[in-house]
>>> print(open('target.pdb').read())   # PDB, C-alpha atoms and all ligand atoms
ATOM      1  CA  MET A   1     -52.462  42.467 -29.841
ATOM      2  CA  TYR A   2     -55.866  41.788 -28.271
ATOM      3  CA  CYS A   3     -58.441  44.520 -28.797
ATOM      4  CA  ALA A   4     -61.764  44.613 -26.930
ATOM      5  CA  CYS A   5     -63.350  46.806 -29.608
ATOM      6  CA  PRO A   6     -65.912  44.647 -31.532
ATOM      7  CA  SER A   7     -65.135  46.149 -34.957
ATOM      8  CA  ARG A   8     -61.410  45.476 -34.539
ATOM      9  CA  ARG A   9     -62.154  41.982 -33.201
ATOM     10  CA  ALA A  10     -64.070  41.161 -36.400
ATOM     11  CA  GLU A  11     -60.853  41.789 -38.323
ATOM     12  CA  ASN A  12     -58.903  39.320 -36.217
ATOM     13  CA  PRO A  13     -58.256  36.437 -38.658
ATOM     14  CA  THR A  14     -57.872  33.870 -35.875
ATOM     15  CA  LEU A  15     -61.279  34.711 -34.403
ATOM     16  CA  ASN A  16     -62.864  34.804 -37.855
ATOM     17  CA  ARG A  17     -61.499  31.356 -38.618
ATOM     18  CA  MET A  18     -63.162  30.022 -35.434
ATOM     19  CA  LYS A  19     -66.620  31.024 -36.612
ATOM     20  CA  THR A  20     -67.515  28.162 -38.870
ATOM     21  CA  MET A  21     -67.021  24.518 -39.761
ATOM     22  CA  LYS A  22     -69.325  24.838 -42.756
ATOM     23  CA  GLY A  23     -68.731  22.076 -45.301
ATOM     24  CA  GLN A  24     -66.740  20.003 -42.824
ATOM     25  CA  VAL A  25     -67.546  16.578 -41.424
ATOM     26  CA  ALA A  26     -67.206  15.733 -37.730
ATOM     27  CA  LEU A  27     -67.469  12.373 -35.969
ATOM     28  CA  VAL A  28     -68.167  12.070 -32.225
ATOM     29  CA  THR A  29     -68.160   8.784 -30.294
ATOM     30  CA  GLY A  30     -70.195   8.375 -27.113
ATOM     31  CA  ALA A  31     -72.423  11.070 -28.617
ATOM     32  CA  GLY A  32     -75.643   9.834 -27.068
ATOM     33  CA  SER A  33     -75.148  11.577 -23.746
ATOM     34  CA  GLY A  34     -73.199  14.093 -21.668
ATOM     35  CA  ILE A  35     -70.039  15.630 -23.107
ATOM     36  CA  GLY A  36     -70.225  13.750 -26.423
ATOM     37  CA  LEU A  37     -73.753  14.972 -27.116
ATOM     38  CA  ALA A  38     -72.760  18.561 -26.282
ATOM     39  CA  ALA A  39     -69.761  18.271 -28.633
ATOM     40  CA  ALA A  40     -71.912  16.903 -31.469
ATOM     41  CA  GLN A  41     -74.370  19.776 -30.964
ATOM     42  CA  ALA A  42     -71.486  22.285 -30.994
ATOM     43  CA  PHE A  43     -70.067  20.879 -34.256
ATOM     44  CA  ALA A  44     -73.548  21.031 -35.808
ATOM     45  CA  ALA A  45     -74.099  24.620 -34.627
ATOM     46  CA  ALA A  46     -70.757  25.543 -36.222
ATOM     47  CA  GLY A  47     -72.035  24.221 -39.551
ATOM     48  CA  ALA A  48     -70.447  20.769 -39.763
ATOM     49  CA  ALA A  49     -72.225  17.610 -40.854
ATOM     50  CA  VAL A  50     -72.043  15.424 -37.754
ATOM     51  CA  VAL A  51     -71.948  11.691 -37.155
ATOM     52  CA  LEU A  52     -73.170  10.742 -33.691
ATOM     53  CA  ALA A  53     -71.876   7.279 -32.774
ATOM     54  CA  ASP A  54     -72.755   5.479 -29.568
ATOM     55  CA  VAL A  55     -73.109   1.952 -28.239
ATOM     56  CA  ASN A  56     -76.819   2.848 -27.932
ATOM     57  CA  GLU A  57     -77.726   4.215 -31.385
ATOM     58  CA  PRO A  58     -78.518   7.921 -30.761
ATOM     59  CA  VAL A  59     -81.512   8.160 -33.080
ATOM     60  CA  GLU A  60     -83.516  10.649 -30.987
ATOM     61  CA  GLN A  61     -80.538  12.982 -30.581
ATOM     62  CA  VAL A  62     -79.984  12.927 -34.355
ATOM     63  CA  ALA A  63     -83.684  13.478 -35.056
ATOM     64  CA  LYS A  64     -83.509  16.691 -32.987
ATOM     65  CA  LEU A  65     -80.537  17.955 -35.017
ATOM     66  CA  LEU A  66     -82.196  17.077 -38.329
ATOM     67  CA  ALA A  67     -85.392  18.839 -37.218
ATOM     68  CA  VAL A  68     -83.553  22.167 -36.971
ATOM     69  CA  GLY A  69     -81.838  21.800 -40.331
ATOM     70  CA  HIS A  70     -78.482  20.265 -39.428
ATOM     71  CA  ARG A  71     -76.869  17.411 -41.366
ATOM     72  CA  ALA A  72     -76.477  14.458 -38.985
ATOM     73  CA  LEU A  73     -76.241  10.673 -38.941
ATOM     74  CA  ALA A  74     -76.699   8.170 -36.089
ATOM     75  CA  ILE A  75     -74.454   5.102 -35.954
ATOM     76  CA  GLN A  76     -74.578   2.282 -33.440
ATOM     77  CA  CYS A  77     -70.968   1.460 -32.592
ATOM     78  CA  ASP A  78     -69.178  -0.106 -29.647
ATOM     79  CA  VAL A  79     -65.734   1.522 -29.816
ATOM     80  CA  SER A  80     -64.077  -1.488 -28.196
ATOM     81  CA  ASP A  81     -65.022  -3.538 -31.309
ATOM     82  CA  GLU A  82     -62.437  -2.846 -34.015
ATOM     83  CA  LYS A  83     -64.605  -4.113 -36.866
ATOM     84  CA  ALA A  84     -67.513  -1.899 -35.751
ATOM     85  CA  VAL A  85     -65.179   1.108 -35.634
ATOM     86  CA  GLU A  86     -63.913   0.388 -39.152
ATOM     87  CA  VAL A  87     -67.544   0.269 -40.348
ATOM     88  CA  MET A  88     -68.358   3.503 -38.459
ATOM     89  CA  VAL A  89     -65.625   5.441 -40.260
ATOM     90  CA  ALA A  90     -66.525   3.858 -43.615
ATOM     91  CA  GLN A  91     -70.210   4.813 -43.124
ATOM     92  CA  THR A  92     -69.183   8.364 -42.232
ATOM     93  CA  VAL A  93     -67.182   8.734 -45.443
ATOM     94  CA  ALA A  94     -69.830   6.971 -47.557
ATOM     95  CA  THR A  95     -72.488   9.392 -46.263
ATOM     96  CA  PHE A  96     -70.657  12.719 -46.106
ATOM     97  CA  GLY A  97     -67.631  12.151 -48.362
ATOM     98  CA  ARG A  98     -64.796  12.902 -45.943
ATOM     99  CA  LEU A  99     -63.741  13.220 -42.287
ATOM    100  CA  ASP A 100     -62.340  16.524 -41.029
ATOM    101  CA  ALA A 101     -62.729  16.313 -37.253
ATOM    102  CA  ALA A 102     -63.066  13.416 -34.843
ATOM    103  CA  TYR A 103     -63.718  13.576 -31.118
ATOM    104  CA  ASN A 104     -62.994  10.181 -29.542
ATOM    105  CA  ASN A 105     -65.066  10.714 -26.449
ATOM    106  CA  ALA A 106     -66.700   7.372 -25.547
ATOM    107  CA  GLY A 107     -65.619   6.202 -22.123
ATOM    108  CA  ILE A 108     -66.808   4.438 -19.006
ATOM    109  CA  ASN A 109     -66.091   4.859 -15.323
ATOM    110  CA  SER A 110     -64.694   2.290 -12.944
ATOM    111  CA  PRO A 111     -65.784   1.758  -9.347
ATOM    112  CA  VAL A 112     -63.907   3.583  -6.588
ATOM    113  CA  MET A 113     -61.863   0.723  -5.175
ATOM    114  CA  GLU A 114     -58.495  -0.149  -3.662
ATOM    115  CA  THR A 115     -56.106  -1.526  -6.271
ATOM    116  CA  ALA A 116     -55.777  -4.790  -4.346
ATOM    117  CA  ASP A 117     -59.534  -5.356  -4.592
ATOM    118  CA  ALA A 118     -60.176  -4.544  -8.269
ATOM    119  CA  SER A 119     -61.069  -7.454 -10.563
ATOM    120  CA  SER A 120     -59.292  -8.322 -13.782
ATOM    121  CA  GLU A 121     -62.697  -8.301 -15.540
ATOM    122  CA  GLU A 122     -63.212  -4.669 -14.486
ATOM    123  CA  TYR A 123     -59.681  -3.786 -15.613
ATOM    124  CA  ASP A 124     -60.216  -5.355 -19.058
ATOM    125  CA  LYS A 125     -63.625  -3.723 -19.488
ATOM    126  CA  VAL A 126     -62.399  -0.209 -18.698
ATOM    127  CA  MET A 127     -59.266  -0.574 -20.815
ATOM    128  CA  SER A 128     -61.205  -1.994 -23.773
ATOM    129  CA  VAL A 129     -63.462   1.070 -23.998
ATOM    130  CA  ASN A 130     -61.306   3.923 -22.680
ATOM    131  CA  LEU A 131     -57.946   2.977 -24.197
ATOM    132  CA  ARG A 132     -58.401   0.375 -26.902
ATOM    133  CA  GLY A 133     -61.536   2.240 -28.030
ATOM    134  CA  VAL A 134     -59.505   5.401 -28.645
ATOM    135  CA  TRP A 135     -56.799   3.386 -30.408
ATOM    136  CA  ASN A 136     -59.399   1.670 -32.620
ATOM    137  CA  CYS A 137     -60.963   5.001 -33.560
ATOM    138  CA  MET A 138     -57.685   6.797 -34.259
ATOM    139  CA  LYS A 139     -56.505   3.939 -36.455
ATOM    140  CA  TYR A 140     -59.418   4.141 -38.926
ATOM    141  CA  GLU A 141     -59.864   7.919 -38.704
ATOM    142  CA  LEU A 142     -56.177   8.358 -39.519
ATOM    143  CA  ARG A 143     -56.403   6.042 -42.528
ATOM    144  CA  GLN A 144     -59.052   8.388 -43.966
ATOM    145  CA  MET A 145     -57.268  11.593 -42.913
ATOM    146  CA  ARG A 146     -53.971  10.282 -44.304
ATOM    147  CA  GLU A 147     -55.655   9.921 -47.713
ATOM    148  CA  GLN A 148     -57.123  13.413 -47.499
ATOM    149  CA  ASN A 149     -53.879  14.919 -46.165
ATOM    150  CA  SER A 150     -55.902  16.776 -43.550
ATOM    151  CA  GLY A 151     -57.805  16.375 -40.308
ATOM    152  CA  ALA A 152     -57.959  17.045 -36.585
ATOM    153  CA  ILE A 153     -58.515  14.525 -33.812
ATOM    154  CA  VAL A 154     -59.272  15.176 -30.140
ATOM    155  CA  ASN A 155     -59.060  12.239 -27.749
ATOM    156  CA  CYS A 156     -60.900  12.292 -24.446
ATOM    157  CA  SER A 157     -58.572  11.765 -21.512
ATOM    158  CA  SER A 158     -59.418  13.227 -18.097
ATOM    159  CA  MET A 159     -57.833  15.071 -15.229
ATOM    160  CA  GLY A 160     -57.342  11.423 -14.269
ATOM    161  CA  GLY A 161     -54.887  11.248 -17.184
ATOM    162  CA  LEU A 162     -52.678  13.856 -15.522
ATOM    163  CA  ILE A 163     -52.667  12.891 -11.852
ATOM    164  CA  GLY A 164     -53.257   9.927  -9.572
ATOM    165  CA  ILE A 165     -56.127   9.676  -7.095
ATOM    166  CA  ALA A 166     -56.348   6.922  -4.481
ATOM    167  CA  ASP A 167     -58.812   4.141  -5.331
ATOM    168  CA  ARG A 168     -59.024   5.224  -8.999
ATOM    169  CA  ALA A 169     -56.047   3.335 -10.447
ATOM    170  CA  VAL A 170     -57.791   1.522 -13.302
ATOM    171  CA  TYR A 171     -59.675   4.528 -14.678
ATOM    172  CA  HIS A 172     -56.630   6.764 -14.296
ATOM    173  CA  ALA A 173     -54.368   4.224 -15.992
ATOM    174  CA  SER A 174     -56.729   4.128 -18.993
ATOM    175  CA  LYS A 175     -56.767   7.923 -19.224
ATOM    176  CA  HIS A 176     -52.963   8.208 -18.838
ATOM    177  CA  GLY A 177     -52.757   5.723 -21.719
ATOM    178  CA  VAL A 178     -54.880   7.992 -23.923
ATOM    179  CA  LEU A 179     -52.225  10.695 -23.543
ATOM    180  CA  GLY A 180     -49.493   8.283 -24.646
ATOM    181  CA  LEU A 181     -51.461   7.404 -27.778
ATOM    182  CA  THR A 182     -52.168  11.078 -28.434
ATOM    183  CA  LYS A 183     -48.598  12.346 -28.085
ATOM    184  CA  SER A 184     -47.013   9.579 -30.144
ATOM    185  CA  ALA A 185     -49.554   9.735 -32.978
ATOM    186  CA  ALA A 186     -49.369  13.549 -32.990
ATOM    187  CA  LEU A 187     -45.651  13.317 -33.729
ATOM    188  CA  GLU A 188     -46.200  10.796 -36.530
ATOM    189  CA  TYR A 189     -48.573  13.127 -38.401
ATOM    190  CA  ALA A 190     -47.010  16.480 -37.446
ATOM    191  CA  THR A 191     -45.914  17.272 -40.999
ATOM    192  CA  ARG A 192     -48.955  15.779 -42.710
ATOM    193  CA  ASN A 193     -51.574  18.409 -41.860
ATOM    194  CA  ILE A 194     -53.237  16.131 -39.290
ATOM    195  CA  ARG A 195     -53.344  17.440 -35.722
ATOM    196  CA  ILE A 196     -54.016  15.201 -32.724
ATOM    197  CA  ASN A 197     -54.621  16.504 -29.211
ATOM    198  CA  ALA A 198     -56.321  15.387 -26.005
ATOM    199  CA  ILE A 199     -58.715  17.071 -23.645
ATOM    200  CA  CYS A 200     -58.635  16.423 -19.900
ATOM    201  CA  PRO A 201     -62.009  17.306 -18.364
ATOM    202  CA  GLY A 202     -62.323  17.853 -14.630
ATOM    203  CA  ILE A 203     -65.548  16.948 -12.862
ATOM    204  CA  ILE A 204     -68.316  17.642 -15.352
ATOM    205  CA  SER A 205     -72.035  17.508 -14.720
ATOM    206  CA  THR A 206     -73.104  14.546 -16.896
ATOM    207  CA  PRO A 207     -75.042  11.301 -16.345
ATOM    208  CA  MET A 208     -71.687   9.557 -15.633
ATOM    209  CA  VAL A 209     -71.001  11.890 -12.710
ATOM    210  CA  GLU A 210     -74.608  11.951 -11.506
ATOM    211  CA  GLU A 211     -74.447   8.162 -11.311
ATOM    212  CA  MET A 212     -71.175   8.369  -9.360
ATOM    213  CA  VAL A 213     -72.670  10.938  -6.942
ATOM    214  CA  ALA A 214     -75.574   8.578  -6.289
ATOM    215  CA  ARG A 215     -73.274   5.582  -5.805
ATOM    216  CA  GLU A 216     -70.330   7.165  -3.948
ATOM    217  CA  PRO A 217     -71.579  10.423  -2.375
ATOM    218  CA  GLU A 218     -68.636  10.789   0.052
ATOM    219  CA  ALA A 219     -65.966  10.241  -2.601
ATOM    220  CA  MET A 220     -67.614  12.849  -4.821
ATOM    221  CA  GLN A 221     -67.877  15.378  -1.992
ATOM    222  CA  ALA A 222     -64.166  14.936  -1.317
ATOM    223  CA  LEU A 223     -63.354  15.465  -5.012
ATOM    224  CA  LEU A 224     -65.503  18.597  -5.285
ATOM    225  CA  LYS A 225     -63.764  20.217  -2.292
ATOM    226  CA  ASP A 226     -60.595  20.228  -4.399
ATOM    227  CA  VAL A 227     -62.007  22.180  -7.343
ATOM    228  CA  PRO A 228     -60.619  25.725  -7.002
ATOM    229  CA  MET A 229     -63.538  27.202  -8.987
ATOM    230  CA  ASN A 230     -65.826  25.458  -6.499
ATOM    231  CA  ARG A 231     -68.303  24.067  -9.000
ATOM    232  CA  LEU A 232     -68.845  21.306 -11.547
ATOM    233  CA  GLY A 233     -68.019  22.019 -15.179
ATOM    234  CA  THR A 234     -70.665  21.767 -17.883
ATOM    235  CA  PRO A 235     -70.558  19.547 -21.000
ATOM    236  CA  GLU A 236     -70.755  22.733 -23.099
ATOM    237  CA  GLU A 237     -67.517  24.024 -21.521
ATOM    238  CA  ILE A 238     -65.740  20.890 -22.732
ATOM    239  CA  ALA A 239     -67.432  20.990 -26.153
ATOM    240  CA  ALA A 240     -66.228  24.559 -26.740
ATOM    241  CA  VAL A 241     -62.588  23.515 -26.287
ATOM    242  CA  VAL A 242     -63.010  20.409 -28.482
ATOM    243  CA  LEU A 243     -64.430  22.597 -31.250
ATOM    244  CA  TRP A 244     -61.598  25.092 -30.874
ATOM    245  CA  LEU A 245     -58.944  22.338 -30.970
ATOM    246  CA  CYS A 246     -60.472  21.073 -34.251
ATOM    247  CA  SER A 247     -60.591  24.563 -35.775
ATOM    248  CA  PRO A 248     -57.839  26.364 -37.700
ATOM    249  CA  ALA A 249     -57.479  28.649 -34.662
ATOM    250  CA  ALA A 250     -55.516  25.788 -33.064
ATOM    251  CA  SER A 251     -53.391  25.219 -36.189
ATOM    252  CA  PHE A 252     -50.037  25.140 -34.330
ATOM    253  CA  ILE A 253     -51.134  22.867 -31.467
ATOM    254  CA  ILE A 254     -50.351  19.134 -31.514
ATOM    255  CA  GLY A 255     -49.902  16.436 -28.907
ATOM    256  CA  GLN A 256     -51.245  18.531 -26.039
ATOM    257  CA  ALA A 257     -53.279  17.437 -23.034
ATOM    258  CA  ILE A 258     -55.563  20.412 -22.405
ATOM    259  CA  ALA A 259     -56.974  20.451 -18.865
ATOM    260  CA  VAL A 260     -60.475  21.939 -18.606
ATOM    261  CA  ASP A 261     -60.989  21.321 -14.916
ATOM    262  CA  GLY A 262     -61.737  24.507 -12.974
ATOM    263  CA  GLY A 263     -58.158  24.466 -11.690
ATOM    264  CA  TYR A 264     -58.151  20.971 -10.173
ATOM    265  CA  THR A 265     -54.734  19.992 -11.572
ATOM    266  CA  VAL A 266     -53.128  23.437 -11.173
ATOM    267  CA  ARG A 267     -52.078  22.847  -7.568
TER     268      ARG A 267
HETATM  269  P1  LIG B   1     -71.761   9.712 -20.138
HETATM  270  O1  LIG B   1     -71.871   8.406 -19.443
HETATM  271  O2  LIG B   1     -72.742  10.786 -19.869
HETATM  272  O3  LIG B   1     -71.710   9.478 -21.717
HETATM  273  C1  LIG B   1     -70.880   8.506 -22.272
HETATM  274  C2  LIG B   1     -71.509   8.016 -23.564
HETATM  275  O4  LIG B   1     -70.608   7.012 -24.098
HETATM  276  C3  LIG B   1     -72.852   7.331 -23.363
HETATM  277  O5  LIG B   1     -73.786   7.798 -24.317
HETATM  278  C4  LIG B   1     -72.559   5.849 -23.556
HETATM  279  O6  LIG B   1     -73.636   5.121 -24.106
HETATM  280  C5  LIG B   1     -71.387   5.917 -24.518
HETATM  281  N1  LIG B   1     -70.563   4.705 -24.472
HETATM  282  C6  LIG B   1     -70.201   3.970 -23.392
HETATM  283  N2  LIG B   1     -69.482   2.907 -23.766
HETATM  284  C7  LIG B   1     -69.381   2.967 -25.116
HETATM  285  C8  LIG B   1     -68.770   2.143 -26.086
HETATM  286  N3  LIG B   1     -68.135   1.006 -25.741
HETATM  287  N4  LIG B   1     -68.845   2.505 -27.381
HETATM  288  C9  LIG B   1     -69.510   3.636 -27.746
HETATM  289  N5  LIG B   1     -70.127   4.451 -26.880
HETATM  290  C10 LIG B   1     -70.068   4.113 -25.579
HETATM  291  O7  LIG B   1     -70.266  10.207 -19.836
HETATM  292  P2  LIG B   1     -69.575  11.640 -19.917
HETATM  293  O8  LIG B   1     -69.426  12.134 -18.538
HETATM  294  O9  LIG B   1     -70.192  12.478 -20.950
HETATM  295  O10 LIG B   1     -68.112  11.173 -20.384
HETATM  296  C11 LIG B   1     -67.634  11.319 -21.710
HETATM  297  C12 LIG B   1     -66.130  11.145 -21.683
HETATM  298  O11 LIG B   1     -65.543  12.118 -20.823
HETATM  299  C13 LIG B   1     -65.659   9.772 -21.146
HETATM  300  O12 LIG B   1     -64.546   9.332 -21.885
HETATM  301  C14 LIG B   1     -65.246  10.096 -19.716
HETATM  302  O13 LIG B   1     -64.300   9.188 -19.224
HETATM  303  C15 LIG B   1     -64.687  11.484 -19.906
HETATM  304  N6  LIG B   1     -64.621  12.267 -18.689
HETATM  305  C16 LIG B   1     -65.771  12.620 -18.032
HETATM  306  C17 LIG B   1     -65.694  13.370 -16.884
HETATM  307  C18 LIG B   1     -66.901  13.807 -16.123
HETATM  308  O14 LIG B   1     -66.724  14.376 -15.036
HETATM  309  N7  LIG B   1     -68.105  13.621 -16.618
HETATM  310  C19 LIG B   1     -64.383  13.780 -16.336
HETATM  311  C20 LIG B   1     -63.263  13.386 -17.131
HETATM  312  C21 LIG B   1     -63.388  12.655 -18.262
END
>>> encode(input="target.pdb", output="structure tokens", more="lines below")
Ligand code: NAI
Amino acid sequence: MYCACPSRRAENPTLNRMKTMKGQVALVTGAGSGIGLAAAQAFAAAGAAVVLADVNEPVEQVAKLLAVGHRALAIQCDVSDEKAVEVMVAQTVATFGRLDAAYNNAGINSPVMETADASSEEYDKVMSVNLRGVWNCMKYELRQMREQNSGAIVNCSSMGGLIGIADRAVYHASKHGVLGLTKSAALEYATRNIRINAICPGIISTPMVEEMVAREPEAMQALLKDVPMNRLGTPEEIAAVVLWLCSPAASFIIGQAIAVDGGYTVR
């Protein structure tokens, strides 16, 4: 039973278990900016040693974490490159000894465009980062977690993984694919103490969205009109759910696609 009294809340074992990731090791891809950076900061604040991986090595972001006493490592890694991903996971384990939580967040947008007009180059580029990138990361993270007999993975899908939107076919296809990877892998490891879930952010205020607003102001206005909470989400609101999904508080949750979208996909 939920109790609003603070002293009773402190006794709630589920809430207590959410408080810390002390001694744990977390890996975040696309951690140089936006949602990935917020997630890396949240893992660090919860006490985890954090690896920030990004195609642009996030040295400044890591320096800021180190300056306030966190354990952190910057790795340059393009998630679409399988060899680089293998090295990223190996470096993580060589530095911090294990891998407890991974947030496969790196992703790119695709231009708003009719399906008949999209190029095969654009299709391959988006798929190689958004879908193959997640597959690459899961593969090597799971090899480590399988050895440890423990771990939690969150893959970044999107509200675009749950619904279709006109002129967004390529991006949405990549994000639907992430859910297929997530559900199938979650079943494989269900009895092996490794939990895999996906998060489906709505429209979140990050450089990716700011760039889209600048490029396609009308399309963005139309999207925003459909957010029941009538505002953009923040990277921190996504990070909080990623952290929770990786914590023991979510110990009975696998294979889910958790929408954090201000109600966009409710209707
Ligand atoms: P962002 O553009 O602010 O940050 C993405 C980060 O990923 C950047 O630091 C970039 O350098 C890095 N990155 C790009 N390609 C990479 C690659 N090949 N390998 C490694 N790192 C790479 O984007 P944002 O908004 O923070 O998006 C993060 C994730 O959330 C993406 O997967 C995106 O599709 C997803 N998402 C974002 C939404 C939004 O409204 N911002 C909505 C739904 C999903």
>>> closest_residue(input="target.pdb", among="A:Gly233, A:Gly151, A:Gly263, A:Pro228", to="ligand LIG 1 (chain B)", atoms="only C-alpha atoms and all ligand atoms")
A:Gly233
>>> closest_atom_pairs(input="target.pdb", of="chain A", to="ligand LIG 1 (chain B)", cutoff="9 Å", atoms="all atoms listed in the file", output="tab-separated table")
residue	atom	partner	partner_atom	distance
A:Thr29	CA	B:LIG1	N5	5.9
A:Gly30	CA	B:LIG1	O4	3.3
A:Ala31	CA	B:LIG1	O5	5.6
A:Gly32	CA	B:LIG1	O5	3.9
A:Ser33	CA	B:LIG1	O5	4.1
A:Gly34	CA	B:LIG1	O9	3.5
A:Ile35	CA	B:LIG1	O9	3.8
A:Gly36	CA	B:LIG1	O9	5.6
A:Leu37	CA	B:LIG1	O9	7.5
A:Ala38	CA	B:LIG1	O9	8.5
A:Ala53	CA	B:LIG1	C9	6.6
A:Asp54	CA	B:LIG1	N5	3.9
A:Val55	CA	B:LIG1	C9	4.0
A:Asn56	CA	B:LIG1	O6	5.5
A:Glu57	CA	B:LIG1	O6	8.4
A:Pro58	CA	B:LIG1	O5	8.0
A:Gln76	CA	B:LIG1	C9	7.7
A:Cys77	CA	B:LIG1	C9	5.5
A:Asp78	CA	B:LIG1	N4	3.5
A:Val79	CA	B:LIG1	N4	4.1
A:Ser80	CA	B:LIG1	N3	5.4
A:Asp81	CA	B:LIG1	N3	7.8
A:Asn104	CA	B:LIG1	O12	7.9
A:Asn105	CA	B:LIG1	O12	4.8
A:Ala106	CA	B:LIG1	O4	4.2
A:Gly107	CA	B:LIG1	O12	3.3
A:Ile108	CA	B:LIG1	O13	5.4
A:Asn109	CA	B:LIG1	O13	6.1
A:Ser128	CA	B:LIG1	N3	7.8
A:Val129	CA	B:LIG1	N3	5.0
A:Asn130	CA	B:LIG1	O12	6.4
A:Gly133	CA	B:LIG1	N3	7.1
A:Asn155	CA	B:LIG1	O12	8.5
A:Cys156	CA	B:LIG1	O12	5.3
A:Ser157	CA	B:LIG1	C21	5.9
A:Ser158	CA	B:LIG1	C20	4.0
A:Met159	CA	B:LIG1	C20	6.0
A:Gly160	CA	B:LIG1	C20	6.9
A:Gly161	CA	B:LIG1	C20	8.6
A:Tyr171	CA	B:LIG1	O13	8.0
A:Lys175	CA	B:LIG1	O13	7.6
A:Ile199	CA	B:LIG1	C21	8.4
A:Cys200	CA	B:LIG1	C20	6.2
A:Pro201	CA	B:LIG1	C20	4.3
A:Gly202	CA	B:LIG1	C19	4.9
A:Ile203	CA	B:LIG1	O14	3.6
A:Ile204	CA	B:LIG1	O14	3.6
A:Ser205	CA	B:LIG1	N7	5.8
A:Thr206	CA	B:LIG1	O8	4.7
A:Pro207	CA	B:LIG1	O2	4.2
A:Met208	CA	B:LIG1	O1	4.0
A:Val209	CA	B:LIG1	N7	5.2
A:Glu210	CA	B:LIG1	N7	8.4
A:Glu211	CA	B:LIG1	O1	8.5
A:Leu232	CA	B:LIG1	O14	8.0
A:Gly233	CA	B:LIG1	O14	7.8
A:Thr234	CA	B:LIG1	N7	8.6
A:Pro235	CA	B:LIG1	O9	7.1
A:Ile238	CA	B:LIG1	O11	9.0
A:Asp261	CA	B:LIG1	C19	8.4
>>> write_last_selection(input="target.pdb", atoms="C-alpha atoms", output="CSV table (one decimal), in the coordinates of the input")
chain,number,residue,atom,x,y,z
A,29,THR,CA,-68.2,8.8,-30.3
A,30,GLY,CA,-70.2,8.4,-27.1
A,31,ALA,CA,-72.4,11.1,-28.6
A,32,GLY,CA,-75.6,9.8,-27.1
A,33,SER,CA,-75.1,11.6,-23.7
A,34,GLY,CA,-73.2,14.1,-21.7
A,35,ILE,CA,-70.0,15.6,-23.1
A,36,GLY,CA,-70.2,13.8,-26.4
A,37,LEU,CA,-73.8,15.0,-27.1
A,38,ALA,CA,-72.8,18.6,-26.3
A,53,ALA,CA,-71.9,7.3,-32.8
A,54,ASP,CA,-72.8,5.5,-29.6
A,55,VAL,CA,-73.1,2.0,-28.2
A,56,ASN,CA,-76.8,2.8,-27.9
A,57,GLU,CA,-77.7,4.2,-31.4
A,58,PRO,CA,-78.5,7.9,-30.8
A,76,GLN,CA,-74.6,2.3,-33.4
A,77,CYS,CA,-71.0,1.5,-32.6
A,78,ASP,CA,-69.2,-0.1,-29.6
A,79,VAL,CA,-65.7,1.5,-29.8
A,80,SER,CA,-64.1,-1.5,-28.2
A,81,ASP,CA,-65.0,-3.5,-31.3
A,104,ASN,CA,-63.0,10.2,-29.5
A,105,ASN,CA,-65.1,10.7,-26.4
A,106,ALA,CA,-66.7,7.4,-25.5
A,107,GLY,CA,-65.6,6.2,-22.1
A,108,ILE,CA,-66.8,4.4,-19.0
A,109,ASN,CA,-66.1,4.9,-15.3
A,128,SER,CA,-61.2,-2.0,-23.8
A,129,VAL,CA,-63.5,1.1,-24.0
A,130,ASN,CA,-61.3,3.9,-22.7
A,133,GLY,CA,-61.5,2.2,-28.0
A,155,ASN,CA,-59.1,12.2,-27.7
A,156,CYS,CA,-60.9,12.3,-24.4
A,157,SER,CA,-58.6,11.8,-21.5
A,158,SER,CA,-59.4,13.2,-18.1
A,159,MET,CA,-57.8,15.1,-15.2
A,160,GLY,CA,-57.3,11.4,-14.3
A,161,GLY,CA,-54.9,11.2,-17.2
A,171,TYR,CA,-59.7,4.5,-14.7
A,175,LYS,CA,-56.8,7.9,-19.2
A,199,ILE,CA,-58.7,17.1,-23.6
A,200,CYS,CA,-58.6,16.4,-19.9
A,201,PRO,CA,-62.0,17.3,-18.4
A,202,GLY,CA,-62.3,17.9,-14.6
A,203,ILE,CA,-65.5,16.9,-12.9
A,204,ILE,CA,-68.3,17.6,-15.4
A,205,SER,CA,-72.0,17.5,-14.7
A,206,THR,CA,-73.1,14.5,-16.9
A,207,PRO,CA,-75.0,11.3,-16.3
A,208,MET,CA,-71.7,9.6,-15.6
A,209,VAL,CA,-71.0,11.9,-12.7
A,210,GLU,CA,-74.6,12.0,-11.5
A,211,GLU,CA,-74.4,8.2,-11.3
A,232,LEU,CA,-68.8,21.3,-11.5
A,233,GLY,CA,-68.0,22.0,-15.2
A,234,THR,CA,-70.7,21.8,-17.9
A,235,PRO,CA,-70.6,19.5,-21.0
A,238,ILE,CA,-65.7,20.9,-22.7
A,261,ASP,CA,-61.0,21.3,-14.9
>>> residues_around(input="target.pdb", residues="Leu66 of chain A", least_positions_apart="6", cutoff="12 Å", atoms="only C-alpha atoms", output="PyMOL selection string")
chain A and resi 41+44-45+49-52+59-60+72-74
>>> closest_atom_pairs(input="target.pdb", of="segment 41-130 of chain A", to="segment 141-146 of chain A", cutoff="12 Å", atoms="all atoms listed in the file", output="Markdown table")
| residue | atom | partner | partner_atom | distance |
| --- | --- | --- | --- | --- |
| A:Val85 | CA | A:Glu141 | CA | 9.2 |
| A:Glu86 | CA | A:Glu141 | CA | 8.6 |
| A:Val87 | CA | A:Glu141 | CA | 11.0 |
| A:Met88 | CA | A:Glu141 | CA | 9.6 |
| A:Val89 | CA | A:Glu141 | CA | 6.5 |
| A:Ala90 | CA | A:Gln144 | CA | 8.7 |
| A:Gln91 | CA | A:Glu141 | CA | 11.7 |
| A:Thr92 | CA | A:Glu141 | CA | 10.0 |
| A:Val93 | CA | A:Gln144 | CA | 8.3 |
| A:Ala94 | CA | A:Gln144 | CA | 11.4 |
| A:Gly97 | CA | A:Gln144 | CA | 10.3 |
| A:Arg98 | CA | A:Gln144 | CA | 7.6 |
| A:Leu99 | CA | A:Met145 | CA | 6.7 |
| A:Asp100 | CA | A:Met145 | CA | 7.3 |
| A:Ala101 | CA | A:Glu141 | CA | 9.0 |
| A:Ala102 | CA | A:Glu141 | CA | 7.4 |
| A:Tyr103 | CA | A:Glu141 | CA | 10.2 |
| A:Asn104 | CA | A:Glu141 | CA | 9.9 |
